Structures are given as structure tokens and as C-alpha cells.
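Here the structure is laid out as C-alpha cells; the discussion comes afterwards.
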Amino acid sequence: MHHPSLPKHIQLLLVIFFAANLTHFVHNAEYIAYYPGMPSWLTREQVYLAWVAGASVGLSGLLVYRTRLKVLGLALVAAYGALGVDGLAHYTLALCSDHTFATNLTIWFEVLAGLSLLLASAALIGRTLSMRVTASI
């Protein structure tokens with residue numbers, strides 16, 4: 001039984017986003033006391049649990065893609081990328097200038113990598129659905 005893998009460019013963007021997302025969450029968890037405006041009830045452990053929850057969306061996308069539900073798998077991968085855009089929420093708590101250079105770097109690395117994964121996955125979903133419609137005509 002053949003289990004197709006994601007196209008190489010999606011795989012590359014997925015790896016880059018995984019690294020960016022993990023980097024940002026580790027930085028967030030380890031330096032949570034220094035992130036301006038973070039709620040005092042938010043703990044290091046909760047940040048790591050939030051990362052696991054988000055990463056499970058991407059893992060689910062990979063697993064589902066390997067079945068016959070390729071579009072659903074791509075949609076989950078796209079949703080995983082979209083989660084990276086949430087890093088911009090830090091700027092609702094404090095201005096960019098209130099964050100350290102490292103904090104801003106991890107936020108923007110995650111946002112840009114996530115947005116790239118989201119857009120590339122969405123484009124592939126569009127092409128896949130378009131090919132199915134064309135083939136059925």
C-alpha cells in the first residue's frame with residue numbers, strides 16, 4: 001500500500017515552521033516572566049502544553065494526508081501554519097519596542113514561517129481541488 005508524502009516544498013515549510021514555532025514557545029516558556037503584559041496566571045508548563053496542542057494539529061495533518069483524505073490533511077497543515085500568526089497577539093499586550101530583540105525575532109520568525117506554510121498549503125489545496133473538478137468534467 002502506497003502512502004504518499006507531502007510535496008517537498010510543503011515538507012520544507014513544515015520543518016521550518018516547526019522549528020520557528022518550537023523556538024518561540026521555548027523562549028516564551030523559559031522567559032515568561034520577562035514577556036511584557038503576559039498574564040500572571042500563565043505558567044511555563046501551560047505554555048509547553050499549548051505548544052503540544054498546536055503541534056498536534058500539524059501532526060494530525062501529516063497523518064491524515066497519508067490516507068485518502070489529502071485535502072483534509074492539507075487543511076490541517078494549513079491550520080497549523082495559521083496558528084503561527086497568533087504570535088502577533090503578543091503585540092496586543094505590549095508594543096514591539098517593549099519586547100527584547102530576541103523576543104521580537106522569535107515572534108516574527110514564527111509568524112512569517114507560519115504564514116508561508118498556510119499560503120503554500122492553501123495554494124496546493126486550490127490546485128488539488130481544481131484538478132479534481134477538471135478531471136470530473
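By order of appearance in the C-alpha cells: chains A, B, ..., then residues from 1 within every chain, and ligands from 1 in the order shown.
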Filtered DSSP result for range 90-137 of chain A, state alpha helix (DSSP H), as a ChimeraX atom specification: /A:90-93,101-136
Could you pull the residues within 9 Å of Ser121 in chain A, counting only C-alpha atoms, minus those fewer than 4 positions along the same chain, as a PDB file with all heavy atoms, in the first residue's frame?
ATOM      1  N   ILE A  10       6.232  21.750   0.666  1.00  0.00           N
ATOM      2  CA  ILE A  10       5.393  21.792   1.873  1.00  0.00           C
ATOM      3  C   ILE A  10       6.153  21.163   3.040  1.00  0.00           C
ATOM      4  O   ILE A  10       6.123  21.676   4.165  1.00  0.00           O
ATOM      5  CB  ILE A  10       4.040  21.096   1.649  1.00  0.00           C
ATOM      6  CG1 ILE A  10       3.256  21.740   0.504  1.00  0.00           C
ATOM      7  CG2 ILE A  10       3.227  21.073   2.941  1.00  0.00           C
ATOM      8  CD1 ILE A  10       2.746  23.132   0.778  1.00  0.00           C
ATOM      9  N   LEU A  74      -4.091  18.497   4.138  1.00  0.00           N
ATOM     10  CA  LEU A  74      -3.511  19.805   3.793  1.00  0.00           C
ATOM     11  C   LEU A  74      -4.176  20.928   4.570  1.00  0.00           C
ATOM     12  O   LEU A  74      -3.514  21.887   4.974  1.00  0.00           O
ATOM     13  CB  LEU A  74      -3.644  20.063   2.290  1.00  0.00           C
ATOM     14  CG  LEU A  74      -2.673  19.307   1.388  1.00  0.00           C
ATOM     15  CD1 LEU A  74      -3.084  19.459  -0.075  1.00  0.00           C
ATOM     16  CD2 LEU A  74      -1.251  19.782   1.610  1.00  0.00           C
ATOM     17  N   ALA A  75      -5.486  20.814   4.784  1.00  0.00           N
ATOM     18  CA  ALA A  75      -6.195  21.840   5.555  1.00  0.00           C
ATOM     19  C   ALA A  75      -5.685  21.878   6.993  1.00  0.00           C
ATOM     20  O   ALA A  75      -5.521  22.961   7.574  1.00  0.00           O
ATOM     21  CB  ALA A  75      -7.702  21.583   5.528  1.00  0.00           C
ATOM     22  N   VAL A  77      -2.638  20.978   7.929  1.00  0.00           N
ATOM     23  CA  VAL A  77      -1.292  21.552   7.845  1.00  0.00           C
ATOM     24  C   VAL A  77      -1.395  23.074   7.708  1.00  0.00           C
ATOM     25  O   VAL A  77      -0.653  23.824   8.347  1.00  0.00           O
ATOM     26  CB  VAL A  77      -0.489  20.921   6.682  1.00  0.00           C
ATOM     27  CG1 VAL A  77       0.791  21.701   6.403  1.00  0.00           C
ATOM     28  CG2 VAL A  77      -0.171  19.466   6.994  1.00  0.00           C
ATOM     29  N   ALA A  78      -2.342  23.533   6.885  1.00  0.00           N
ATOM     30  CA  ALA A  78      -2.562  24.979   6.729  1.00  0.00           C
ATOM     31  C   ALA A  78      -2.990  25.601   8.058  1.00  0.00           C
ATOM     32  O   ALA A  78      -2.520  26.684   8.426  1.00  0.00           O
ATOM     33  CB  ALA A  78      -3.614  25.240   5.653  1.00  0.00           C
ATOM     34  N   GLY A  81      -0.059  26.065  10.266  1.00  0.00           N
ATOM     35  CA  GLY A  81       0.658  27.278   9.890  1.00  0.00           C
ATOM     36  C   GLY A  81      -0.052  28.530  10.385  1.00  0.00           C
ATOM     37  O   GLY A  81       0.576  29.479  10.863  1.00  0.00           O
ATOM     38  N   SER A 116       3.817  31.455   5.607  1.00  0.00           N
ATOM     39  CA  SER A 116       4.323  30.782   4.400  1.00  0.00           C
ATOM     40  C   SER A 116       3.732  29.388   4.269  1.00  0.00           C
ATOM     41  O   SER A 116       3.307  28.982   3.176  1.00  0.00           O
ATOM     42  CB  SER A 116       5.846  30.697   4.435  1.00  0.00           C
ATOM     43  OG  SER A 116       6.414  31.972   4.449  1.00  0.00           O
ATOM     44  N   LEU A 117       3.698  28.649   5.366  1.00  0.00           N
ATOM     45  CA  LEU A 117       3.117  27.307   5.352  1.00  0.00           C
ATOM     46  C   LEU A 117       1.627  27.370   5.042  1.00  0.00           C
ATOM     47  O   LEU A 117       1.112  26.583   4.239  1.00  0.00           O
ATOM     48  CB  LEU A 117       3.361  26.606   6.688  1.00  0.00           C
ATOM     49  CG  LEU A 117       2.788  25.202   6.838  1.00  0.00           C
ATOM     50  CD1 LEU A 117       3.358  24.252   5.781  1.00  0.00           C
ATOM     51  CD2 LEU A 117       3.061  24.665   8.245  1.00  0.00           C
ATOM     52  N   ILE A 125      -4.088  23.143  -1.908  1.00  0.00           N
ATOM     53  CA  ILE A 125      -5.486  22.711  -1.791  1.00  0.00           C
ATOM     54  C   ILE A 125      -6.267  23.192  -3.007  1.00  0.00           C
ATOM     55  O   ILE A 125      -7.024  22.429  -3.621  1.00  0.00           O
ATOM     56  CB  ILE A 125      -6.139  23.247  -0.489  1.00  0.00           C
ATOM     57  CG1 ILE A 125      -5.564  22.540   0.732  1.00  0.00           C
ATOM     58  CG2 ILE A 125      -7.658  23.089  -0.532  1.00  0.00           C
ATOM     59  CD1 ILE A 125      -5.957  23.174   2.060  1.00  0.00           C
ATOM     60  N   GLY A 126      -6.076  24.447  -3.378  1.00  0.00           N
ATOM     61  CA  GLY A 126      -6.761  25.004  -4.545  1.00  0.00           C
ATOM     62  C   GLY A 126      -6.430  24.246  -5.818  1.00  0.00           C
ATOM     63  O   GLY A 126      -7.323  23.910  -6.605  1.00  0.00           O
TER      64      GLY A 126
END
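The shortest atom-to-atom distance to Val52 in chain A, with only C-alpha atoms taken into account, belongs to A:Leu22 out of A:Leu22, A:Ala89, A:Met131, A:Leu115.
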Test item: residues at most 12 Å from Ala82 in chain A, only C-alpha atoms, excluding those fewer than 6 positions along its chain, as a PyMOL selection string: chain A and resi 14+17+21+54-55+57-58+75-76+88+110-122
Gap from CA of Pro39 in chain A to CA of Ser97 in chain A - Å, one decimal: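 Separating CA of Pro39 in chain A from CA of Ser97 in chain A is a distance of 18.8 Å.
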CA of Arg68 in chain A to CA of Ser56 in chain A, distance in Å rounded to a single decimal: 19.6 Å
Nearest residue to Leu95 in chain A from the set A:Gly37, A:Leu72, A:Thr23, A:Ile107 (distances using only C-alpha atoms): A:Gly37
Using only C-alpha atoms: which of A:Tyr80, A:Leu49, A:Asn28, A:Trp41 has the shortest distance to Val15 in chain A: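 Residue with the minimum atom-to-atom distance to Val15 in chain A: A:Tyr80.
The interatomic distance for the pair CA of Phe101 in chain A and CA of Gln11 in chain A works out to 28.8 Å.
Residue nearest Leu59 in chain A, chosen from A:Ala20, A:Val71, A:Ala79, A:Ala33 and counting only C-alpha atoms: A:Ala79.
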Proximity to Glu30 in chain A - best of A:Leu69, A:Thr103, A:Gly61, A:Ile16, only C-alpha atoms: A:Thr103
